Amino acid sequence: MLFPYKDTNPTRRFAIITFLIIVMNIIAFIYPFAQDIDFSFFTGQFALIPWELQNGNIDTSTWISPFLTIITYMFMHATPSHILFNMLFLWIFGNNIEDSMSRRGFIVFYLLTGIISAMAFVALNPGSKVFLVGASGAISGVLGAYLFLFPFAKVHVLLFIIPIRMPAIIFLVIWFAMQLSGYMGNEGNVAWISHISGFISGALLHRFFIVKHV
């Protein structure tokens, strides 16, 4: 198992948008606990439910339009480990991608890849009432961009418990292969297709958002 914990890839400026996205995710996660709202109920209000896009809100999910959940699902997480791993990945790789784009451009890029990953999930599960939550699709888009923008940046990872460094291209190819393997094997309760489609969309679309710095 490879688990990244930092990269060696400095930025020109502080990644304020990446930071704010992380803060928004954390607030969304802790809000129901602070307000004594049932966590599953709260998360379900903002989760993407494919069935709703064709048939309208289900009885237990009525706070917002189903079409808004194409965005709000990215800020919901199911468990502490779910949000912890996602936010760590986002900070490690997102700050450099934000640094290569305008701040507005990064927001659009992040949301766009997240929407594409959601639509891929819906396309394969059009009548499903299974909730889709998590920033993984959008973060996968960030990873796809990182692969092409910084392939030789050093990523520090734990190989089980052993810290090692490797070029980003090696880590990200291994990561993508794991997503393909998970999808082919239908392993666990993971939206593998969202990871795959997010990664591919990020790899293809990032070039339209890059800003040339003098």
# chains A, B, ... in the order shown; residues from 1 in each chain; ligands from 1
>>> residues_around(residues="A:Phe19", least_positions_apart="2", cutoff="12 Å", atoms="only C-alpha atoms", output="ChimeraX atom specification")
/A:14-17,21-26,87-88,90-95,98,103,107
>>> residues_around(residues="A:Ser201", least_positions_apart="4", cutoff="9 Å", atoms="only C-alpha atoms", output="PDB file with N, CA and C atoms, in the first residue's frame")
ATOM      1  N   LEU A 112     -15.504  21.465 -12.308  1.00  0.00           N
ATOM      2  CA  LEU A 112     -15.806  20.809 -13.582  1.00  0.00           C
ATOM      3  C   LEU A 112     -15.415  19.343 -13.565  1.00  0.00           C
ATOM      4  N   THR A 113     -14.219  19.031 -13.068  1.00  0.00           N
ATOM      5  CA  THR A 113     -13.811  17.624 -13.023  1.00  0.00           C
ATOM      6  C   THR A 113     -14.670  16.843 -12.028  1.00  0.00           C
ATOM      7  N   ILE A 116     -17.931  16.131 -13.889  1.00  0.00           N
ATOM      8  CA  ILE A 116     -17.728  15.062 -14.877  1.00  0.00           C
ATOM      9  C   ILE A 116     -17.671  13.704 -14.193  1.00  0.00           C
ATOM     10  N   SER A 117     -16.976  13.622 -13.074  1.00  0.00           N
ATOM     11  CA  SER A 117     -16.888  12.341 -12.362  1.00  0.00           C
ATOM     12  C   SER A 117     -18.253  11.926 -11.837  1.00  0.00           C
ATOM     13  N   SER A 140      -9.339  13.609  -8.010  1.00  0.00           N
ATOM     14  CA  SER A 140      -8.763  12.786  -9.076  1.00  0.00           C
ATOM     15  C   SER A 140      -8.435  13.644 -10.293  1.00  0.00           C
ATOM     16  N   GLY A 141      -9.269  14.647 -10.555  1.00  0.00           N
ATOM     17  CA  GLY A 141      -8.969  15.580 -11.634  1.00  0.00           C
ATOM     18  C   GLY A 141      -7.681  16.338 -11.371  1.00  0.00           C
ATOM     19  N   GLY A 144      -4.843  14.016 -12.118  1.00  0.00           N
ATOM     20  CA  GLY A 144      -4.623  13.889 -13.555  1.00  0.00           C
ATOM     21  C   GLY A 144      -3.830  15.054 -14.112  1.00  0.00           C
ATOM     22  N   ALA A 145      -4.134  16.264 -13.614  1.00  0.00           N
ATOM     23  CA  ALA A 145      -3.371  17.439 -14.045  1.00  0.00           C
ATOM     24  C   ALA A 145      -1.935  17.373 -13.537  1.00  0.00           C
ATOM     25  N   ILE A 196     -11.765   7.333 -11.858  1.00  0.00           N
ATOM     26  CA  ILE A 196     -11.185   7.144 -13.191  1.00  0.00           C
ATOM     27  C   ILE A 196     -11.555   8.294 -14.120  1.00  0.00           C
ATOM     28  N   SER A 197     -12.843   8.625 -14.155  1.00  0.00           N
ATOM     29  CA  SER A 197     -13.296   9.691 -15.059  1.00  0.00           C
ATOM     30  C   SER A 197     -12.773  11.055 -14.613  1.00  0.00           C
ATOM     31  N   LEU A 205      -8.191  18.254 -19.509  1.00  0.00           N
ATOM     32  CA  LEU A 205      -8.708  19.622 -19.467  1.00  0.00           C
ATOM     33  C   LEU A 205      -7.779  20.636 -18.825  1.00  0.00           C
ATOM     34  N   HIS A 206      -6.794  20.193 -18.072  1.00  0.00           N
ATOM     35  CA  HIS A 206      -5.968  21.150 -17.334  1.00  0.00           C
ATOM     36  C   HIS A 206      -5.271  22.154 -18.244  1.00  0.00           C
TER      37      HIS A 206
END
>>> closest_residue(among="A:Phe75, A:Phe131, A:Phe152, A:Phe67", to="A:Tyr110", atoms="only C-alpha atoms")
A:Phe75
>>> closest_residue(among="A:Gly114, A:Leu147, A:Ser194, A:Ile30", to="A:Ile174", atoms="only C-alpha atoms")
A:Leu147
>>> select_by_dssp(residues="stretch 141-212 of chain A", states="strand (DSSP E or B)", output="VMD selection string")
chain A and resid 154 to 159 162 to 167 210
>>> closest_residue(among="A:Trp175, A:Tyr73, A:Phe209, A:Phe160", to="A:Asp99", atoms="only C-alpha atoms")
A:Phe209
>>> residues_around(residues="stretch 34-41 of chain A", least_positions_apart="6", cutoff="9 Å", atoms="only C-alpha atoms", output="JSON, numbers by chain")
{"A": [60, 61, 78]}
>>> select_by_dssp(residues="stretch 57-195 of chain A", states="helix (DSSP H, G or I)", output="PDB file with C-alpha atoms, in the first residue's frame")
ATOM      1  CA  THR A  69     -26.254  17.951  -5.656  1.00  0.00           C
ATOM      2  CA  ILE A  70     -24.002  17.581  -8.696  1.00  0.00           C
ATOM      3  CA  ILE A  71     -21.867  20.163  -6.871  1.00  0.00           C
ATOM      4  CA  THR A  72     -22.774  19.749  -3.202  1.00  0.00           C
ATOM      5  CA  TYR A  73     -21.884  16.047  -3.139  1.00  0.00           C
ATOM      6  CA  MET A  74     -18.214  17.051  -3.461  1.00  0.00           C
ATOM      7  CA  PHE A  75     -18.312  18.624   0.002  1.00  0.00           C
ATOM      8  CA  PRO A  80     -13.587  10.627   9.317  1.00  0.00           C
ATOM      9  CA  SER A  81     -11.061   8.552   7.355  1.00  0.00           C
ATOM     10  CA  HIS A  82     -12.865   9.416   4.109  1.00  0.00           C
ATOM     11  CA  ILE A  83     -12.457  13.157   4.620  1.00  0.00           C
ATOM     12  CA  LEU A  84      -8.970  12.834   6.138  1.00  0.00           C
ATOM     13  CA  PHE A  85      -7.511  10.983   3.157  1.00  0.00           C
ATOM     14  CA  ASN A  86      -9.280  13.174   0.616  1.00  0.00           C
ATOM     15  CA  MET A  87      -8.164  16.426   2.199  1.00  0.00           C
ATOM     16  CA  LEU A  88      -4.590  15.216   2.539  1.00  0.00           C
ATOM     17  CA  PHE A  89      -4.488  14.286  -1.156  1.00  0.00           C
ATOM     18  CA  LEU A  90      -6.041  17.638  -2.048  1.00  0.00           C
ATOM     19  CA  TRP A  91      -3.465  19.626  -0.092  1.00  0.00           C
ATOM     20  CA  ILE A  92      -0.464  17.649  -1.335  1.00  0.00           C
ATOM     21  CA  PHE A  93      -1.357  17.898  -5.013  1.00  0.00           C
ATOM     22  CA  GLY A  94      -3.881  20.735  -5.191  1.00  0.00           C
ATOM     23  CA  ASN A  95      -1.597  23.567  -4.110  1.00  0.00           C
ATOM     24  CA  ASN A  96       0.665  23.134  -7.149  1.00  0.00           C
ATOM     25  CA  ILE A  97      -2.245  22.834  -9.557  1.00  0.00           C
ATOM     26  CA  GLU A  98      -3.815  25.977  -8.130  1.00  0.00           C
ATOM     27  CA  ASP A  99      -0.443  27.693  -8.476  1.00  0.00           C
ATOM     28  CA  ARG A 103      -7.600  31.272  -8.709  1.00  0.00           C
ATOM     29  CA  ARG A 104     -10.905  31.497 -10.560  1.00  0.00           C
ATOM     30  CA  GLY A 105      -9.635  29.055 -13.139  1.00  0.00           C
ATOM     31  CA  PHE A 106      -8.749  26.539 -10.440  1.00  0.00           C
ATOM     32  CA  ILE A 107     -12.227  26.796  -8.939  1.00  0.00           C
ATOM     33  CA  VAL A 108     -13.791  26.112 -12.342  1.00  0.00           C
ATOM     34  CA  PHE A 109     -11.355  23.285 -13.051  1.00  0.00           C
ATOM     35  CA  TYR A 110     -11.970  21.643  -9.678  1.00  0.00           C
ATOM     36  CA  LEU A 111     -15.761  21.839  -9.918  1.00  0.00           C
ATOM     37  CA  LEU A 112     -15.806  20.809 -13.582  1.00  0.00           C
ATOM     38  CA  THR A 113     -13.811  17.624 -13.023  1.00  0.00           C
ATOM     39  CA  GLY A 114     -15.997  16.861 -10.018  1.00  0.00           C
ATOM     40  CA  ILE A 115     -19.135  17.281 -12.130  1.00  0.00           C
ATOM     41  CA  ILE A 116     -17.728  15.062 -14.877  1.00  0.00           C
ATOM     42  CA  SER A 117     -16.888  12.341 -12.362  1.00  0.00           C
ATOM     43  CA  ALA A 118     -20.421  12.589 -10.971  1.00  0.00           C
ATOM     44  CA  MET A 119     -21.962  12.270 -14.424  1.00  0.00           C
ATOM     45  CA  ALA A 120     -19.871   9.192 -15.128  1.00  0.00           C
ATOM     46  CA  PHE A 121     -21.246   7.626 -11.942  1.00  0.00           C
ATOM     47  CA  VAL A 122     -24.800   8.565 -12.938  1.00  0.00           C
ATOM     48  CA  ALA A 123     -24.326   7.191 -16.458  1.00  0.00           C
ATOM     49  CA  LEU A 124     -23.408   3.771 -15.064  1.00  0.00           C
ATOM     50  CA  SER A 136     -12.565  12.100  -4.672  1.00  0.00           C
ATOM     51  CA  GLY A 137     -13.729  12.784  -8.222  1.00  0.00           C
ATOM     52  CA  ALA A 138     -12.562  16.397  -8.233  1.00  0.00           C
ATOM     53  CA  ILE A 139      -9.340  15.463  -6.453  1.00  0.00           C
ATOM     54  CA  SER A 140      -8.763  12.786  -9.076  1.00  0.00           C
ATOM     55  CA  GLY A 141      -8.969  15.580 -11.634  1.00  0.00           C
ATOM     56  CA  VAL A 142      -6.226  17.381  -9.719  1.00  0.00           C
ATOM     57  CA  LEU A 143      -4.130  14.218  -9.806  1.00  0.00           C
ATOM     58  CA  GLY A 144      -4.623  13.889 -13.555  1.00  0.00           C
ATOM     59  CA  ALA A 145      -3.371  17.439 -14.045  1.00  0.00           C
ATOM     60  CA  TYR A 146      -0.421  16.861 -11.701  1.00  0.00           C
ATOM     61  CA  LEU A 147       0.691  13.852 -13.720  1.00  0.00           C
ATOM     62  CA  PHE A 148       1.251  15.995 -16.795  1.00  0.00           C
ATOM     63  CA  LEU A 149       2.382  19.220 -15.155  1.00  0.00           C
ATOM     64  CA  ALA A 168       5.028  11.689  -9.183  1.00  0.00           C
ATOM     65  CA  ILE A 169       4.637   9.862 -12.481  1.00  0.00           C
ATOM     66  CA  ILE A 170       5.338   6.520 -10.794  1.00  0.00           C
ATOM     67  CA  PHE A 171       3.030   7.154  -7.860  1.00  0.00           C
ATOM     68  CA  LEU A 172       0.185   8.452 -10.014  1.00  0.00           C
ATOM     69  CA  VAL A 173       0.410   5.644 -12.572  1.00  0.00           C
ATOM     70  CA  ILE A 174       0.292   3.130  -9.724  1.00  0.00           C
ATOM     71  CA  TRP A 175      -2.633   5.018  -8.180  1.00  0.00           C
ATOM     72  CA  PHE A 176      -4.548   5.044 -11.468  1.00  0.00           C
ATOM     73  CA  ALA A 177      -3.866   1.355 -12.018  1.00  0.00           C
ATOM     74  CA  MET A 178      -5.328   0.670  -8.571  1.00  0.00           C
ATOM     75  CA  GLN A 179      -8.489   2.547  -9.524  1.00  0.00           C
ATOM     76  CA  LEU A 180      -8.814   0.497 -12.712  1.00  0.00           C
ATOM     77  CA  SER A 181      -8.251  -2.695 -10.734  1.00  0.00           C
ATOM     78  CA  GLY A 182     -10.875  -1.685  -8.190  1.00  0.00           C
ATOM     79  CA  TYR A 183     -13.364  -0.923 -10.952  1.00  0.00           C
ATOM     80  CA  MET A 184     -12.735  -4.172 -12.817  1.00  0.00           C
ATOM     81  CA  GLY A 185     -13.001  -6.158  -9.605  1.00  0.00           C
ATOM     82  CA  TRP A 192     -14.200   3.753  -8.844  1.00  0.00           C
ATOM     83  CA  ILE A 193     -15.647   5.143 -12.067  1.00  0.00           C
ATOM     84  CA  SER A 194     -15.729   8.620 -10.501  1.00  0.00           C
ATOM     85  CA  HIS A 195     -12.019   8.386  -9.706  1.00  0.00           C
TER      86      HIS A 195
END
>>> atom_distance(atom1="atom CA of A:Ile49", atom2="atom CA of A:Lys129")
5.4 Å
>>> closest_residue(among="A:Val155, A:Ile210, A:Val130, A:Leu68", to="A:Trp51", atoms="only C-alpha atoms")
A:Val130
>>> atom_distance(atom1="atom CA of A:Phe150", atom2="atom CA of A:Gly134")
24.9 Å
>>> closest_residue(among="A:Leu204, A:Val133, A:Leu158, A:Met166", to="A:Pro50", atoms="only C-alpha atoms")
A:Val133
